[in-house]
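> Structure incoming, see below.
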Amino acid sequence: MFYRGKYTDGADGHEMGAKRQRIIDQGPSFYGNSPGSSFMYTAPPPPYSYVSQPPPFPVVRLRGLPFDCTETDVAEFFHGLDIVDVLFVHKNSKFTGEAFCVLGYPLQVDFALQKNRQNMGRRYVEVFRSKRQEYYKAIANEVADARGSSPRRNAPRVKSSDEAKESAEHTGILRLRGLPFSAGKDDIMEFFKDFVLSEDAVHIVLNSEGRPSGEAFVEFTNAEDSKAAMSKDRMTLGSRYIELFPSFSEEMEEAISRGR
């Protein structure tokens with residue numbers, strides 16, 4: 001658990017573990033009528049107050065974190081923002097490279113989103129706006145995983161990124177994310193050595209400065225091959241794990257054109 005700032009109801013952040021459990025026990029009511037029910041942070045005073053409705057839950061989701069990432073790394077990544085909680089996401093007790101970060105005020109979410117696709121170490125990190133229900137669901141999954149059981153059946157159903165990949169339609173194109181900046185077409189073809197690929201089928205995406213962005217697109221012979229190649233998802237190329245995503249020609253062409 002991590003805490004920085006002054007927005008909880010305790011003297012420091014060491015009670016956050018117990019507060020997470022209260023989220024599960026008390027349900028998804030973040031704002032309450034009594035002081036004790038607002039256990040993460042106090043809603044900010046004007047001009048940040050919301051008149052007709054409670055302010056949105058200030059949480060963002062991060063993807064593509066290094067496997068050795070720590071809460072301190074996340075705090076440094078969001079330097080200047082008030083970090084209330086960092087929840088790393090695991091699957092079968094293994095870190096997925098994703099995390100949720102709860103911020104001090106709703107206004108800070110917009111500042112956090114400005115860090116999208118900026119680097120943490122040698123990896124660029126994607127930052128997405130998230131929802132209270134997704135954060136609660138992630139907590140429930142972590143608690144259940146620690147207890148060796150599945151989450152409560154009546155918990156809100158949130159589709160995971162892995163499920164989204166499995167259900168996505170395959171067009172024969174995969175997007176690769178997290179490539180070493182030094183990786184060339186030969187390295188990518190070796191990564192997919194079980195499939196027949198030509199150099200023309202491998203497209204390394206460049207950034208606006210003409211340098212490798214850490215992404216690439218690969219065109220397989222057919223959709224069946226691209227679906228089979230998803231078995232390489234999160235396997236390593238050099239010292240970095242590579243994420244694979246089903247893609248389509250329009251996305252590939254747009255990404256390639258940005259680096260021209």
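Lettering and numbering for the structure tokens are positional, with chains as A, B, ... in the shown order, residues counted from 1 in each chain, and ligands counted from 1 in the shown order.
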Need to verify the contact set: region 120-130 of chain A, 9 Å, only C-alpha atoms, exclusion of same-chain residues closer than 4 positions in sequence. Can you return it as number ranges by chain?

A: 57-66, 69, 73-74, 77, 100, 109-110, 112-116, 134-135, 178-181, 213-214, 240

> Mind dumping the selected residues with N, CA, C and O atoms as a tab-separated table (two decimals), in the first residue's frame?


```tsv
chain	number	residue	atom	x	y	z
A	57	PHE	N	-15.18	9.66	-8.73
A	57	PHE	CA	-14.12	8.98	-7.99
A	57	PHE	C	-12.80	9.19	-8.72
A	57	PHE	O	-12.67	8.86	-9.90
A	58	PRO	N	-11.77	9.72	-8.06
A	58	PRO	CA	-10.53	10.09	-8.74
A	58	PRO	C	-9.56	8.92	-8.89
A	58	PRO	O	-8.58	8.81	-8.14
A	59	VAL	N	-9.79	8.07	-9.87
A	59	VAL	CA	-8.93	6.90	-10.06
A	59	VAL	C	-8.54	6.78	-11.53
A	59	VAL	O	-9.35	7.08	-12.42
A	60	VAL	N	-7.31	6.38	-11.78
A	60	VAL	CA	-6.84	6.11	-13.12
A	60	VAL	C	-6.25	4.70	-13.16
A	60	VAL	O	-5.86	4.14	-12.13
A	61	ARG	N	-6.23	4.13	-14.36
A	61	ARG	CA	-5.65	2.79	-14.56
A	61	ARG	C	-4.38	2.93	-15.39
A	61	ARG	O	-4.34	3.67	-16.36
A	62	LEU	N	-3.35	2.22	-14.98
A	62	LEU	CA	-2.07	2.24	-15.68
A	62	LEU	C	-1.83	0.89	-16.32
A	62	LEU	O	-2.15	-0.15	-15.74
A	63	ARG	N	-1.24	0.89	-17.50
A	63	ARG	CA	-0.93	-0.35	-18.21
A	63	ARG	C	0.47	-0.25	-18.80
A	63	ARG	O	0.88	0.80	-19.26
A	64	GLY	N	1.20	-1.38	-18.76
A	64	GLY	CA	2.54	-1.42	-19.31
A	64	GLY	C	3.63	-1.12	-18.30
A	64	GLY	O	4.75	-0.77	-18.67
A	65	LEU	N	3.31	-1.26	-17.00
A	65	LEU	CA	4.30	-1.00	-15.96
A	65	LEU	C	5.41	-2.06	-15.99
A	65	LEU	O	5.14	-3.22	-16.29
A	66	PRO	N	6.63	-1.69	-15.65
A	66	PRO	CA	7.69	-2.69	-15.53
A	66	PRO	C	7.32	-3.72	-14.46
A	66	PRO	O	6.65	-3.38	-13.47
A	69	CYS	N	8.16	-2.80	-10.92
A	69	CYS	CA	7.62	-1.50	-10.51
A	69	CYS	C	7.20	-1.53	-9.04
A	69	CYS	O	6.65	-2.51	-8.55
A	73	ASP	N	7.75	4.08	-7.39
A	73	ASP	CA	7.91	4.40	-8.81
A	73	ASP	C	6.67	5.09	-9.36
A	73	ASP	O	6.76	6.05	-10.14
A	74	VAL	N	5.50	4.60	-8.96
A	74	VAL	CA	4.24	5.21	-9.42
A	74	VAL	C	4.12	6.62	-8.87
A	74	VAL	O	3.70	7.55	-9.58
A	77	PHE	N	6.30	8.80	-10.84
A	77	PHE	CA	5.73	8.99	-12.18
A	77	PHE	C	4.68	10.09	-12.15
A	77	PHE	O	4.59	10.89	-13.08
A	100	PHE	N	-4.06	0.33	-10.50
A	100	PHE	CA	-5.00	1.43	-10.30
A	100	PHE	C	-4.35	2.41	-9.34
A	100	PHE	O	-3.69	2.02	-8.39
A	109	VAL	N	-7.18	13.93	-11.82
A	109	VAL	CA	-7.26	12.90	-12.85
A	109	VAL	C	-6.81	13.46	-14.19
A	109	VAL	O	-6.07	12.82	-14.94
A	110	ASP	N	-7.24	14.67	-14.52
A	110	ASP	CA	-6.87	15.28	-15.79
A	110	ASP	C	-5.36	15.48	-15.89
A	110	ASP	O	-4.76	15.31	-16.96
A	112	ALA	N	-3.15	13.60	-14.30
A	112	ALA	CA	-2.58	12.26	-14.42
A	112	ALA	C	-2.65	11.76	-15.86
A	112	ALA	O	-1.72	11.10	-16.35
A	113	LEU	N	-3.74	12.07	-16.56
A	113	LEU	CA	-3.91	11.62	-17.94
A	113	LEU	C	-2.88	12.25	-18.88
A	113	LEU	O	-2.59	11.70	-19.95
A	114	GLN	N	-2.31	13.37	-18.48
A	114	GLN	CA	-1.28	14.01	-19.30
A	114	GLN	C	0.02	13.20	-19.31
A	114	GLN	O	0.90	13.44	-20.13
A	115	LYS	N	0.13	12.24	-18.38
A	115	LYS	CA	1.31	11.37	-18.33
A	115	LYS	C	1.17	10.16	-19.25
A	115	LYS	O	2.07	9.33	-19.30
A	116	ASN	N	0.06	10.06	-19.97
A	116	ASN	CA	-0.16	8.92	-20.86
A	116	ASN	C	0.96	8.79	-21.87
A	116	ASN	O	1.37	9.77	-22.51
A	134	GLU	N	-14.57	-0.30	-11.22
A	134	GLU	CA	-13.43	-1.08	-11.70
A	134	GLU	C	-12.38	-1.22	-10.61
A	134	GLU	O	-11.78	-2.29	-10.45
A	135	TYR	N	-12.19	-0.16	-9.85
A	135	TYR	CA	-11.23	-0.20	-8.74
A	135	TYR	C	-11.70	-1.17	-7.67
A	135	TYR	O	-10.93	-1.99	-7.16
A	178	GLY	N	5.75	-2.69	-26.04
A	178	GLY	CA	6.79	-2.95	-25.06
A	178	GLY	C	8.09	-3.44	-25.66
A	178	GLY	O	8.95	-3.98	-24.94
A	179	LEU	N	8.27	-3.26	-26.96
A	179	LEU	CA	9.49	-3.72	-27.62
A	179	LEU	C	10.71	-2.93	-27.14
A	179	LEU	O	10.61	-1.73	-26.88
A	180	PRO	N	11.86	-3.59	-27.04
A	180	PRO	CA	13.09	-2.83	-26.81
A	180	PRO	C	13.28	-1.83	-27.95
A	180	PRO	O	12.98	-2.14	-29.10
A	181	PHE	N	13.78	-0.65	-27.65
A	181	PHE	CA	13.96	0.35	-28.69
A	181	PHE	C	14.97	-0.08	-29.74
A	181	PHE	O	14.98	0.43	-30.85
A	213	SER	N	9.20	3.62	-31.22
A	213	SER	CA	8.28	3.97	-30.13
A	213	SER	C	8.06	2.84	-29.14
A	213	SER	O	7.43	3.03	-28.11
A	214	GLY	N	8.57	1.64	-29.47
A	214	GLY	CA	8.30	0.48	-28.62
A	214	GLY	C	7.10	-0.33	-29.09
A	214	GLY	O	6.72	-1.31	-28.46
A	240	ARG	N	12.68	-7.78	-22.04
A	240	ARG	CA	11.38	-7.12	-21.88
A	240	ARG	C	10.25	-8.05	-22.31
A	240	ARG	O	10.38	-8.81	-23.27
```

> Once DSSP has gone over the backbone, tell me which residues of region 45-137 of chain A are in strand (DSSP E), as a ChimeraX atom specification.

/A:59-63,83-91,94-103,118-120,123-129

> How far is it from CA of Cys101 (chain A) to CA of Leu81 (chain A), in Å with one decimal?

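Computing it gives 10.8 Å between the two atoms.
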
> Region 48-245 of chain A: which residues are helix (DSSP H, G or I) by DSSP, as an MDAnalysis selection string?

chainID A and resid 71:77 108:113 132:147 161:167 185:191 199:201 223:232

> List the spatial neighbours of region 220-229 of chain A as a ChimeraX atom specification - criterion: any atom at most 6 Å away, only C-alpha atoms, same-chain residues fewer than 4 positions off excluded.

/A:170-172

> CA of Thr70 (chain A) and CA of Ser231 (chain A) are how many Å apart?

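Computed distance, CA of Thr70 (chain A) to CA of Ser231 (chain A), equals 27.6 Å.
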
> Write out as a list in words which residues come within 7 Å of Pro246 (chain A) when counting only C-alpha atoms, dropping same-chain ones fewer than 4 positions away.

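The residues satisfying every condition are Lys165, Ala168, His170, Ile173, Leu174 and Arg175 of chain A.
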
> Compare A:Glu215, A:Asp194, A:Asp68, A:Asp187 by their minimum atom-to-atom distance to Phe245 (chain A), counting only C-alpha atoms, and give me the closest one.

A:Glu215

> Show which residues sit within 8 Å of Glu243 (chain A), as an MDAnalysis selection string. Count only C-alpha atoms, and ignore same-chain residues fewer than 6 positions away.

chainID A and resid 176:178 233:235
